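What follows is work.cif (mmCIF, C-alpha atoms and all ligand atoms).
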data_data
loop_
_atom_site.group_PDB
_atom_site.id
_atom_site.type_symbol
_atom_site.label_atom_id
_atom_site.label_comp_id
_atom_site.auth_asym_id
_atom_site.auth_seq_id
_atom_site.Cartn_x
_atom_site.Cartn_y
_atom_site.Cartn_z
ATOM 1 C CA MET I 86 81.338 217.636 96.458
ATOM 2 C CA LEU I 87 81.370 214.169 94.858
ATOM 3 C CA LYS I 88 84.528 213.276 92.963
ATOM 4 C CA VAL I 89 83.649 211.448 89.746
ATOM 5 C CA TRP I 90 86.198 209.707 87.491
ATOM 6 C CA ILE I 91 85.088 209.080 83.893
ATOM 7 C CA THR I 92 87.234 206.643 81.887
ATOM 8 C CA GLY I 93 86.920 206.531 78.079
ATOM 9 C CA ALA I 94 85.812 210.144 78.453
ATOM 10 C CA GLU I 95 86.257 210.984 74.771
ATOM 11 C CA GLY I 96 83.719 208.421 73.533
ATOM 12 C CA HIS I 97 79.980 208.848 72.969
ATOM 13 C CA VAL I 98 78.852 208.262 76.533
ATOM 14 C CA GLY I 99 81.902 209.858 78.159
ATOM 15 C CA SER I 100 81.464 213.059 76.123
ATOM 16 C CA ALA I 101 77.738 213.241 76.870
ATOM 17 C CA LEU I 102 78.474 212.853 80.581
ATOM 18 C CA CYS I 103 81.114 215.579 80.508
ATOM 19 C CA GLU I 104 78.531 217.850 78.929
ATOM 20 C CA LEU I 105 75.733 216.932 81.337
ATOM 21 C CA LEU I 106 77.556 216.988 84.659
ATOM 22 C CA ASP I 107 77.857 220.443 86.137
ATOM 23 C CA SER I 108 81.380 221.125 87.355
ATOM 24 C CA THR I 109 80.034 223.285 90.174
ATOM 25 C CA GLU I 110 78.148 220.238 91.450
ATOM 26 C CA TYR I 111 80.803 217.529 90.961
ATOM 27 C CA GLN I 112 84.560 217.378 90.802
ATOM 28 C CA ILE I 113 85.003 215.673 87.446
ATOM 29 C CA LEU I 114 88.127 213.739 86.483
ATOM 30 C CA THR I 115 88.335 212.603 82.866
ATOM 31 C CA THR I 116 90.774 210.222 81.194
ATOM 32 C CA ASP I 117 90.918 208.337 77.918
ATOM 33 C CA ILE I 118 93.349 205.732 76.615
ATOM 34 C CA ASN I 119 96.280 208.170 76.357
ATOM 35 C CA GLU I 120 96.054 209.185 80.015
ATOM 36 C CA VAL I 121 94.946 205.912 81.630
ATOM 37 C CA ASP I 122 94.810 202.747 79.560
ATOM 38 C CA ILE I 123 92.475 200.554 81.590
ATOM 39 C CA THR I 124 94.365 197.416 80.500
ATOM 40 C CA ASP I 125 97.357 198.677 82.496
ATOM 41 C CA SER I 126 96.490 197.733 86.084
ATOM 42 C CA GLU I 127 99.444 199.618 87.547
ATOM 43 C CA LYS I 128 98.345 202.862 85.896
ATOM 44 C CA VAL I 129 94.727 202.331 86.944
ATOM 45 C CA ASN I 130 95.785 201.676 90.564
ATOM 46 C CA HIS I 131 98.138 204.613 90.645
ATOM 47 C CA TYR I 132 95.483 206.974 89.262
ATOM 48 C CA ILE I 133 92.813 205.846 91.669
ATOM 49 C CA ASN I 134 95.054 205.915 94.727
ATOM 50 C CA PHE I 135 96.243 209.393 93.877
ATOM 51 C CA ASN I 136 92.758 210.825 93.099
ATOM 52 C CA ARG I 137 90.485 208.705 95.331
ATOM 53 C CA PRO I 138 87.167 209.297 93.478
ATOM 54 C CA ASP I 139 83.800 208.553 95.103
ATOM 55 C CA VAL I 140 82.323 207.286 91.834
ATOM 56 C CA VAL I 141 84.015 205.691 88.816
ATOM 57 C CA ILE I 142 82.143 205.583 85.507
ATOM 58 C CA ASN I 143 83.808 203.138 83.160
ATOM 59 C CA CYS I 144 82.911 204.283 79.644
ATOM 60 C CA ALA I 145 86.121 202.824 78.174
ATOM 61 C CA GLY I 146 85.655 199.868 75.895
ATOM 62 C CA LEU I 147 86.526 198.288 72.588
ATOM 63 C CA THR I 148 83.205 198.929 70.880
ATOM 64 C CA ASN I 149 83.947 198.105 67.254
ATOM 65 C CA LEU I 150 82.361 194.691 66.654
ATOM 66 C CA ASP I 151 84.526 193.829 63.636
ATOM 67 C CA GLU I 152 87.717 194.735 65.489
ATOM 68 C CA CYS I 153 86.624 192.476 68.339
ATOM 69 C CA GLU I 154 86.051 189.560 65.921
ATOM 70 C CA LYS I 155 89.466 190.139 64.320
ATOM 71 C CA ASP I 156 91.408 190.529 67.545
ATOM 72 C CA VAL I 157 89.778 188.364 70.181
ATOM 73 C CA ASP I 158 92.623 188.823 72.681
ATOM 74 C CA MET I 159 92.355 192.595 72.474
ATOM 75 C CA ALA I 160 88.554 192.477 72.907
ATOM 76 C CA TYR I 161 88.918 190.511 76.159
ATOM 77 C CA LYS I 162 91.916 192.579 77.241
ATOM 78 C CA VAL I 163 89.907 195.811 77.150
ATOM 79 C CA ASN I 164 86.311 194.685 77.788
ATOM 80 C CA ALA I 165 87.061 192.038 80.417
ATOM 81 C CA ILE I 166 90.556 192.468 81.931
ATOM 82 C CA GLY I 167 90.344 196.269 81.691
ATOM 83 C CA VAL I 168 87.022 196.188 83.514
ATOM 84 C CA ARG I 169 88.533 193.840 86.128
ATOM 85 C CA ASN I 170 91.345 196.362 86.698
ATOM 86 C CA VAL I 171 88.915 199.254 87.123
ATOM 87 C CA ALA I 172 86.621 197.163 89.356
ATOM 88 C CA MET I 173 89.460 196.124 91.693
ATOM 89 C CA ALA I 174 90.769 199.662 91.864
ATOM 90 C CA ALA I 175 87.307 201.120 92.579
ATOM 91 C CA GLU I 176 86.763 198.584 95.352
ATOM 92 C CA SER I 177 90.162 199.374 96.895
ATOM 93 C CA VAL I 178 89.087 202.984 97.529
ATOM 94 C CA ARG I 179 85.439 201.999 98.258
ATOM 95 C CA ALA I 180 84.187 203.910 95.223
ATOM 96 C CA LYS I 181 80.931 203.111 93.466
ATOM 97 C CA LEU I 182 81.529 201.690 89.979
ATOM 98 C CA ILE I 183 79.105 202.420 87.140
ATOM 99 C CA GLN I 184 79.920 200.059 84.266
ATOM 100 C CA LEU I 185 78.477 200.438 80.758
ATOM 101 C CA SER I 186 77.394 197.264 79.012
ATOM 102 C CA THR I 187 75.445 196.156 75.994
ATOM 103 C CA ASP I 188 72.427 194.396 74.487
ATOM 104 C CA ASP I 189 74.967 192.167 72.724
ATOM 105 C CA VAL I 190 75.055 189.956 75.836
ATOM 106 C CA PHE I 191 71.821 188.507 74.369
ATOM 107 C CA ASP I 192 71.514 186.393 71.222
ATOM 108 C CA ALA I 193 68.785 188.487 69.500
ATOM 109 C CA LYS I 194 66.656 185.369 69.004
ATOM 110 C CA SER I 195 63.820 186.459 71.269
ATOM 111 C CA GLU I 196 60.480 187.731 70.053
ATOM 112 C CA LYS I 197 59.969 190.017 73.008
ATOM 113 C CA PRO I 198 62.141 192.586 74.788
ATOM 114 C CA TYR I 199 64.852 191.226 77.100
ATOM 115 C CA ASN I 200 64.684 192.208 80.751
ATOM 116 C CA GLU I 201 67.418 192.049 83.370
ATOM 117 C CA PHE I 202 66.289 188.608 84.543
ATOM 118 C CA ASP I 203 66.611 186.965 81.129
ATOM 119 C CA LYS I 204 69.511 184.620 80.584
ATOM 120 C CA THR I 205 72.402 186.078 78.619
ATOM 121 C CA HIS I 206 73.728 184.247 75.587
ATOM 122 C CA PRO I 207 76.158 186.362 73.588
ATOM 123 C CA ARG I 208 77.083 185.302 70.062
ATOM 124 C CA THR I 209 79.662 187.933 69.151
ATOM 125 C CA VAL I 210 83.166 188.292 70.585
ATOM 126 C CA TYR I 211 82.197 191.808 71.611
ATOM 127 C CA GLY I 212 79.136 190.510 73.510
ATOM 128 C CA LYS I 213 81.104 187.688 75.131
ATOM 129 C CA SER I 214 83.875 190.008 76.259
ATOM 130 C CA LYS I 215 81.362 192.519 77.646
ATOM 131 C CA GLU I 216 79.581 189.730 79.529
ATOM 132 C CA ALA I 217 82.948 188.702 81.006
ATOM 133 C CA GLY I 218 83.423 192.327 82.094
ATOM 134 C CA GLU I 219 80.002 192.321 83.777
ATOM 135 C CA LYS I 220 80.975 189.158 85.703
ATOM 136 C CA PHE I 221 84.176 190.742 87.003
ATOM 137 C CA VAL I 222 82.191 193.738 88.243
ATOM 138 C CA THR I 223 79.679 191.583 90.126
ATOM 139 C CA GLN I 224 82.461 189.430 91.596
ATOM 140 C CA LEU I 225 84.821 192.212 92.632
ATOM 141 C CA CYS I 226 82.725 195.234 93.621
ATOM 142 C CA LYS I 227 80.379 195.765 96.530
ATOM 143 C CA LYS I 228 78.937 199.010 95.185
ATOM 144 C CA PHE I 229 78.230 198.642 91.482
ATOM 145 C CA VAL I 230 75.726 199.598 88.817
ATOM 146 C CA ILE I 231 75.790 197.884 85.425
ATOM 147 C CA LEU I 232 73.885 199.761 82.721
ATOM 148 C CA ARG I 233 73.149 197.863 79.513
ATOM 149 C CA SER I 234 72.240 200.011 76.528
ATOM 150 C CA SER I 235 72.061 199.741 72.736
ATOM 151 C CA TRP I 236 72.576 201.530 69.394
ATOM 152 C CA ILE I 237 74.143 204.553 71.111
ATOM 153 C CA TYR I 238 74.751 207.707 69.110
ATOM 154 C CA GLY I 239 76.221 211.082 70.023
ATOM 155 C CA ILE I 240 79.577 212.789 69.603
ATOM 156 C CA GLY I 241 81.794 210.431 67.577
ATOM 157 C CA ARG I 242 81.400 207.995 64.704
ATOM 158 C CA ASP I 243 78.161 206.002 64.728
ATOM 159 C CA PHE I 244 75.224 204.965 62.550
ATOM 160 C CA VAL I 245 73.802 208.517 62.468
ATOM 161 C CA ASP I 246 77.074 209.833 60.995
ATOM 162 C CA GLU I 247 77.312 206.888 58.655
ATOM 163 C CA VAL I 248 73.915 207.694 57.114
ATOM 164 C CA LEU I 249 74.421 211.475 56.956
ATOM 165 C CA ARG I 250 77.846 211.110 55.329
ATOM 166 C CA LYS I 251 76.280 209.257 52.394
ATOM 167 C CA ILE I 252 74.225 212.326 51.392
ATOM 168 C CA GLY I 253 75.597 213.821 48.202
ATOM 169 C CA VAL I 254 78.005 210.898 47.856
ATOM 170 C CA GLU I 255 75.588 208.059 47.086
ATOM 171 C CA LYS I 256 72.133 208.071 45.529
ATOM 172 C CA SER I 257 70.799 205.283 47.697
ATOM 173 C CA ILE I 258 71.763 202.972 50.531
ATOM 174 C CA ASN I 259 70.624 199.472 51.498
ATOM 175 C CA VAL I 260 69.713 199.071 55.138
ATOM 176 C CA PRO I 261 68.494 195.893 56.884
ATOM 177 C CA ASN I 262 64.824 195.805 57.686
ATOM 178 C CA ASN I 263 65.109 192.576 59.671
ATOM 179 C CA ARG I 264 67.300 193.848 62.523
ATOM 180 C CA TYR I 265 65.463 195.403 65.416
ATOM 181 C CA GLY I 266 66.868 197.332 68.346
ATOM 182 C CA VAL I 267 66.579 200.595 70.230
ATOM 183 C CA PRO I 268 68.456 203.726 69.156
ATOM 184 C CA THR I 269 69.568 205.471 72.329
ATOM 185 C CA SER I 270 71.043 208.939 72.511
ATOM 186 C CA ALA I 271 74.172 209.235 74.642
ATOM 187 C CA LYS I 272 72.561 212.276 76.273
ATOM 188 C CA GLU I 273 69.524 210.262 77.440
ATOM 189 C CA LEU I 274 71.802 207.529 78.757
ATOM 190 C CA ALA I 275 73.973 210.104 80.540
ATOM 191 C CA LYS I 276 70.874 211.285 82.443
ATOM 192 C CA VAL I 277 70.406 207.742 83.778
ATOM 193 C CA VAL I 278 74.094 207.580 84.741
ATOM 194 C CA LYS I 279 73.668 210.869 86.620
ATOM 195 C CA TYR I 280 70.769 209.392 88.570
ATOM 196 C CA PHE I 281 73.018 206.564 89.758
ATOM 197 C CA ILE I 282 75.829 208.958 90.673
ATOM 198 C CA ASP I 283 73.403 210.853 92.889
ATOM 199 C CA ASN I 284 71.490 207.962 94.450
ATOM 200 C CA ASP I 285 72.372 204.964 96.576
ATOM 201 C CA GLU I 286 70.926 202.347 94.268
ATOM 202 C CA TYR I 287 72.844 199.410 92.900
ATOM 203 C CA GLY I 288 72.585 196.435 90.561
ATOM 204 C CA LEU I 289 71.953 195.612 86.923
ATOM 205 C CA TYR I 290 69.707 197.872 84.833
ATOM 206 C CA HIS I 291 68.731 198.155 81.185
ATOM 207 C CA ALA I 292 68.727 201.766 79.992
ATOM 208 C CA VAL I 293 67.516 202.388 76.454
ATOM 209 C CA CYS I 294 65.183 204.896 74.861
ATOM 210 C CA LYS I 295 61.516 203.884 74.736
ATOM 211 C CA GLY I 296 60.170 202.018 71.698
ATOM 212 C CA SER I 297 62.110 200.082 69.068
ATOM 213 C CA CYS I 298 62.679 200.004 65.305
ATOM 214 C CA SER I 299 64.568 198.334 62.503
ATOM 215 C CA ARG I 300 67.844 199.726 61.169
ATOM 216 C CA TYR I 301 65.882 200.745 58.074
ATOM 217 C CA GLU I 302 63.379 202.783 60.108
ATOM 218 C CA PHE I 303 66.272 204.350 62.029
ATOM 219 C CA ALA I 304 67.983 205.452 58.795
ATOM 220 C CA LYS I 305 64.695 206.854 57.422
ATOM 221 C CA ALA I 306 64.128 208.846 60.621
ATOM 222 C CA ILE I 307 67.671 210.306 60.532
ATOM 223 C CA LEU I 308 67.072 211.597 57.008
ATOM 224 C CA GLU I 309 63.544 212.821 57.740
ATOM 225 C CA TYR I 310 64.546 214.789 60.864
ATOM 226 C CA THR I 311 67.444 216.482 59.075
ATOM 227 C CA GLY I 312 65.264 217.364 56.064
ATOM 228 C CA ASN I 313 67.295 215.082 53.786
ATOM 229 C CA SER I 314 64.680 212.483 52.809
ATOM 230 C CA GLY I 315 64.718 213.600 49.177
ATOM 231 C CA LYS I 316 68.522 213.516 48.933
ATOM 232 C CA LEU I 317 69.215 209.870 49.739
ATOM 233 C CA GLU I 318 67.013 206.860 49.034
ATOM 234 C CA VAL I 319 66.914 204.133 51.630
ATOM 235 C CA HIS I 320 66.159 200.601 50.404
ATOM 236 C CA PRO I 321 65.017 198.029 52.928
ATOM 237 C CA VAL I 322 66.975 194.788 52.523
ATOM 238 C CA LEU I 323 67.320 191.534 54.405
ATOM 239 C CA SER I 324 70.621 191.322 56.200
ATOM 240 C CA SER I 325 72.681 188.671 54.427
ATOM 241 C CA ASP I 326 74.210 187.134 57.536
ATOM 242 C CA THR I 327 70.962 186.257 59.223
ATOM 243 C CA SER I 328 68.239 183.874 58.095
ATOM 244 C CA ARG I 329 65.668 185.165 60.552
ATOM 245 C CA PRO I 330 64.882 188.572 62.034
ATOM 246 C CA GLU I 331 67.242 189.686 64.772
ATOM 247 C CA TYR I 332 65.341 191.209 67.626
ATOM 248 C CA CYS I 333 67.489 192.722 70.340
ATOM 249 C CA VAL I 334 65.251 195.104 72.217
ATOM 250 C CA LEU I 335 65.942 195.802 75.875
ATOM 251 C CA ASP I 336 63.160 196.328 78.394
ATOM 252 C CA ASN I 337 64.032 198.867 81.133
ATOM 253 C CA MET I 338 62.237 196.677 83.642
ATOM 254 C CA MET I 339 64.491 197.453 86.621
ATOM 255 C CA LEU I 340 64.307 201.223 86.059
ATOM 256 C CA ARG I 341 60.526 200.926 85.844
ATOM 257 C CA LEU I 342 60.205 198.748 88.966
ATOM 258 C CA SER I 343 62.512 201.079 90.876
ATOM 259 C CA GLY I 344 60.524 204.180 89.874
ATOM 260 C CA ILE I 345 63.547 205.674 88.084
ATOM 261 C CA GLU I 346 62.886 207.892 85.076
ATOM 262 C CA GLU I 347 63.481 206.033 81.800
ATOM 263 C CA PRO I 348 65.188 207.597 78.768
ATOM 264 C CA ALA I 349 62.862 209.425 76.352
ATOM 265 C CA GLU I 350 61.108 207.809 73.385
ATOM 266 C CA TRP I 351 63.691 207.111 70.641
ATOM 267 C CA ARG I 352 62.170 209.335 67.934
ATOM 268 C CA GLY I 353 61.934 212.391 70.209
ATOM 269 C CA ALA I 354 65.483 211.863 71.499
ATOM 270 C CA LEU I 355 66.805 211.512 67.942
ATOM 271 C CA LYS I 356 64.991 214.645 66.796
ATOM 272 C CA GLU I 357 66.375 216.615 69.736
ATOM 273 C CA TYR I 358 69.920 215.365 69.098
ATOM 274 C CA LEU I 359 69.774 216.238 65.398
ATOM 275 C CA GLU I 360 68.317 219.672 66.098
ATOM 276 C CA GLU I 361 71.026 220.402 68.663
ATOM 277 C CA THR I 362 74.028 219.073 66.758
ATOM 278 C CA GLY I 363 73.187 218.514 63.102
ATOM 279 C CA GLY I 364 74.202 214.910 63.708
ATOM 280 C CA LEU I 365 77.674 214.923 62.249
ATOM 281 C CA GLU I 366 80.777 214.356 64.326
HETATM 282 N N1 LIG B 401 78.115 202.451 71.070
HETATM 283 C C1 LIG B 401 77.102 201.633 71.331
HETATM 284 O O1 LIG B 401 76.190 201.446 70.500
HETATM 285 C C2 LIG B 401 77.024 200.927 72.658
HETATM 286 C C3 LIG B 401 75.886 200.167 72.928
HETATM 287 C C4 LIG B 401 75.772 199.538 74.168
HETATM 288 C C5 LIG B 401 76.775 199.663 75.104
HETATM 289 N N2 LIG B 401 77.888 200.384 74.820
HETATM 290 C C6 LIG B 401 78.940 200.447 75.849
HETATM 291 O O2 LIG B 401 78.974 201.748 76.392
HETATM 292 C C7 LIG B 401 80.339 202.113 76.697
HETATM 293 C C8 LIG B 401 80.655 203.415 76.009
HETATM 294 O O3 LIG B 401 80.356 203.269 74.624
HETATM 295 P P1 LIG B 401 80.660 204.437 73.600
HETATM 296 O O4 LIG B 401 79.697 204.311 72.489
HETATM 297 O O5 LIG B 401 80.798 205.727 74.332
HETATM 298 O O6 LIG B 401 82.081 203.932 73.083
HETATM 299 P P2 LIG B 401 83.155 204.747 72.258
HETATM 300 O O7 LIG B 401 82.560 205.948 71.639
HETATM 301 O O8 LIG B 401 83.857 203.744 71.417
HETATM 302 O O9 LIG B 401 84.129 205.227 73.423
HETATM 303 C C9 LIG B 401 84.954 204.365 74.130
HETATM 304 C C10 LIG B 401 86.191 205.146 74.545
HETATM 305 O O10 LIG B 401 87.060 204.243 75.262
HETATM 306 C C11 LIG B 401 88.378 204.454 74.766
HETATM 307 N N3 LIG B 401 89.197 203.280 75.001
HETATM 308 C C12 LIG B 401 89.354 202.193 74.200
HETATM 309 N N4 LIG B 401 90.219 201.347 74.768
HETATM 310 C C13 LIG B 401 90.615 201.895 75.941
HETATM 311 C C14 LIG B 401 91.518 201.508 76.952
HETATM 312 N N5 LIG B 401 92.203 200.372 76.869
HETATM 313 N N6 LIG B 401 91.684 202.319 78.022
HETATM 314 C C15 LIG B 401 91.013 203.493 78.118
HETATM 315 N N7 LIG B 401 90.156 203.927 77.180
HETATM 316 C C16 LIG B 401 89.960 203.133 76.100
HETATM 317 C C17 LIG B 401 88.170 204.743 73.297
HETATM 318 O O11 LIG B 401 89.312 205.321 72.735
HETATM 319 P P3 LIG B 401 89.600 205.070 71.150
HETATM 320 O O12 LIG B 401 88.460 205.712 70.426
HETATM 321 O O13 LIG B 401 90.926 205.718 70.953
HETATM 322 O O14 LIG B 401 89.613 203.591 70.977
HETATM 323 C C18 LIG B 401 86.966 205.677 73.344
HETATM 324 O O15 LIG B 401 87.350 207.010 73.569
HETATM 325 C C19 LIG B 401 81.199 200.919 76.254
HETATM 326 O O16 LIG B 401 81.442 200.124 77.375
HETATM 327 C C20 LIG B 401 80.310 200.165 75.289
HETATM 328 O O17 LIG B 401 80.614 198.787 75.295
HETATM 329 C C21 LIG B 401 78.030 201.032 73.624
#
Would you mind writing the file out in structure tokens?
Amino acid sequence: MLKVWITGAEGHVGSALCELLDSTEYQILTTDINEVDITDSEKVNHYINFNRPDVVINCAGLTNLDECEKDVDMAYKVNAIGVRNVAMAAESVRAKLIQLSTDDVFDAKSEKPYNEFDKTHPRTVYGKSKEAGEKFVTQLCKKFVILRSSWIYGIGRDFVDEVLRKIGVEKSINVPNNRYGVPTSAKELAKVVKYFIDNDEYGLYHAVCKGSCSRYEFAKAILEYTGNSGKLEVHPVLSSDTSRPEYCVLDNMMLRLSGIEEPAEWRGALKEYLEETGGLE
């Protein structure tokens, strides 16, 4: 039975993985910041030497973009140094490391989807720190998978909650219609992670739901699929901090070329998530 350690297990992706992985099939070890803070290399080493997992899935991260801008040191401490600690520890017990990363490693200035061979150029502190984390993984681990995803929603606070919480509180909301990306359900992403737990394939992969949309279209779909379209108006606006459309759509080129099943189309995945959970945390 494979022993799998999930860090940041209480977040969106960690929770979806805990739900997806069958405990009769895997021995699952879960920790979050209170059990193992990944910035504490001694703790990380102690945990890994004691438990000796076959696979480590690093879902821990500082994911709040504003927090990263405000506290640059902390962003790098968690998203770069923390990843370095986990990568070194995984390598020391010859475990496979599956590291989660982001579309924010790109600058969103393209007019077509980014594939894994496109040059990264992060603009945000979050994106820069995540890129630094990716580099540590490639430098320190022999057996690694880096999965870049985007606009993840699931258990926890995210854009889906943000929209649904406005119902009954506000009459209308303004949502940018010039920011494009791919909403990806944590459940769909967890299925891709599972594939890499089970198979001897390695490298860098993009893993997002199929299709793309603007934030405005995403908000409209959330309301439509929960039957709340009449209860909250959504106004399309131009995002104030950008003079041109931001297009940060990932192409799952490596999954496609490797014959690995891609996550479902974003609308279907969103509908399924909302039907299963109601969408609120
Ligand atoms: N959310 C997205 O849209 C998105 C998109 C692309 C890629 N990703 C990447 O996917 C991964 C998982 O994202 P997610 O949405 O599941 O994030 P999330 O919901 O914010 O979960 C991250 C978890 O890591 C924990 N954590 C924070 N600092 C830690 C530390 N020093 N040591 C151990 N645990 C720590 C967090 O605890 P607290 O809540 O207490 O801080 C949280 O439980 C991250 O690497 C993220 O960069 C996310």
> How many Å lie between atom CA of Tyr211 of chain I and atom CA of Leu359 of chain I, rounded to one decimal?
Replying inline: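 Rounded to one decimal, the two atoms are 28.1 Å apart.
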> When the PyMOL selection byres (((chain I and resi 243-252) around 10) and not hetatm) is applied to the file above, which residues end up in the set, as number ranges by chain?
Replying inline: I: 97, 236-242, 253-258, 260, 268, 300, 303-308, 311, 313-319, 355, 359, 363-366
>> I'd like to see the residues matched by the PyMOL selection byres (((not hetatm)) within 9 of (chain B and resi 401)) on this file, and ideally I'd get them as a PyMOL selection string.
In response: chain I and resi 92-101+116-125+143-149+159+162-164+167+184-189+211-212+215+232-244+268-269+271
Write the residues of the preceding selection, restricted to C-alpha atoms, as a compact mmCIF listing (two decimals), in the coordinates of the input.
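selection06.txt written:
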# COMPACT_ATOMS: atom_id res chain seq x y z
CA THR I 92 87.23 206.64 81.89
CA GLY I 93 86.92 206.53 78.08
CA ALA I 94 85.81 210.14 78.45
CA GLU I 95 86.26 210.98 74.77
CA GLY I 96 83.72 208.42 73.53
CA HIS I 97 79.98 208.85 72.97
CA VAL I 98 78.85 208.26 76.53
CA GLY I 99 81.90 209.86 78.16
CA SER I 100 81.46 213.06 76.12
CA ALA I 101 77.74 213.24 76.87
CA THR I 116 90.77 210.22 81.19
CA ASP I 117 90.92 208.34 77.92
CA ILE I 118 93.35 205.73 76.61
CA ASN I 119 96.28 208.17 76.36
CA GLU I 120 96.05 209.18 80.02
CA VAL I 121 94.95 205.91 81.63
CA ASP I 122 94.81 202.75 79.56
CA ILE I 123 92.48 200.55 81.59
CA THR I 124 94.36 197.42 80.50
CA ASP I 125 97.36 198.68 82.50
CA ASN I 143 83.81 203.14 83.16
CA CYS I 144 82.91 204.28 79.64
CA ALA I 145 86.12 202.82 78.17
CA GLY I 146 85.66 199.87 75.90
CA LEU I 147 86.53 198.29 72.59
CA THR I 148 83.20 198.93 70.88
CA ASN I 149 83.95 198.10 67.25
CA MET I 159 92.36 192.60 72.47
CA LYS I 162 91.92 192.58 77.24
CA VAL I 163 89.91 195.81 77.15
CA ASN I 164 86.31 194.68 77.79
CA GLY I 167 90.34 196.27 81.69
CA GLN I 184 79.92 200.06 84.27
CA LEU I 185 78.48 200.44 80.76
CA SER I 186 77.39 197.26 79.01
CA THR I 187 75.44 196.16 75.99
CA ASP I 188 72.43 194.40 74.49
CA ASP I 189 74.97 192.17 72.72
CA TYR I 211 82.20 191.81 71.61
CA GLY I 212 79.14 190.51 73.51
CA LYS I 215 81.36 192.52 77.65
CA LEU I 232 73.89 199.76 82.72
CA ARG I 233 73.15 197.86 79.51
CA SER I 234 72.24 200.01 76.53
CA SER I 235 72.06 199.74 72.74
CA TRP I 236 72.58 201.53 69.39
CA ILE I 237 74.14 204.55 71.11
CA TYR I 238 74.75 207.71 69.11
CA GLY I 239 76.22 211.08 70.02
CA ILE I 240 79.58 212.79 69.60
CA GLY I 241 81.79 210.43 67.58
CA ARG I 242 81.40 208.00 64.70
CA ASP I 243 78.16 206.00 64.73
CA PHE I 244 75.22 204.96 62.55
CA PRO I 268 68.46 203.73 69.16
CA THR I 269 69.57 205.47 72.33
CA ALA I 271 74.17 209.24 74.64
> If you measure from atom CA of His131 of chain I to atom CA of Cys103 of chain I, what distance in Å do you get, rounded to one decimal?
Replying inline: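 These two atoms are separated by 22.6 Å.
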> Given the file above and the PyMOL selection byres (((chain I and resi 154) around 12) and not hetatm), which residues are selected, and can you give them as a list in words?
Replying inline: Leu147, Thr148, Asn149, Leu150, Asp151, Glu152, Cys153, Lys155, Asp156, Val157, Asp158, Met159, Ala160, Tyr161, Arg208, Thr209, Val210, Tyr211, Gly212, Lys213 and Ser214 of chain I
> Which residue gives the smallest distance to Glu127 of chain I among I:Val178, I:Lys227, I:Leu106, I:Asn170, with all atoms listed in the file counted?
Replying inline: I:Asn170
> When you draw a straight line from atom CA of Leu340 of chain I to atom CA of Ser270 of chain I, how long is it in Å?
Replying inline: 17.0 Å
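If you measure from each of I:Ile345, I:Met173, I:Ala180, I:Ala193 to Pro330 of chain I using all atoms listed in the file, the closest one turns out to be I:Ala193.
Of the residues under consideration (I:Asn284, I:Gln112, I:Asn134, I:Asn200), I:Asn200 shows the shortest atom-to-atom contact distance to Val334 of chain I when counting only C-alpha atoms.
Distances from I:Ile113, I:His320, I:Phe221, I:Val190 to Pro207 of chain I were compared using all atoms listed in the file, and the smallest one belongs to I:Val190.
Among the candidates I:Lys181, I:Tyr301, I:Cys226, I:Val140, the one nearest to Leu323 of chain I when counting only C-alpha atoms is I:Tyr301.
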Centre and edge lengths, as JSON, for the axis-aligned box enclosing every listed atom of segment 236-250 of chain I with 8 Å of padding on each of the six sides, in Å to one decimal?
{"center_x": 77.2, "center_y": 207.2, "center_z": 63.2, "size_x": 25.2, "size_y": 27.3, "size_z": 31.8}
> Closest to Tyr287 of chain I among I:Arg169, I:Arg341, I:Lys228, I:Lys272, using only C-alpha atoms?
Replying inline: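 With only C-alpha atoms as the atom set, the closest residue is I:Lys228.
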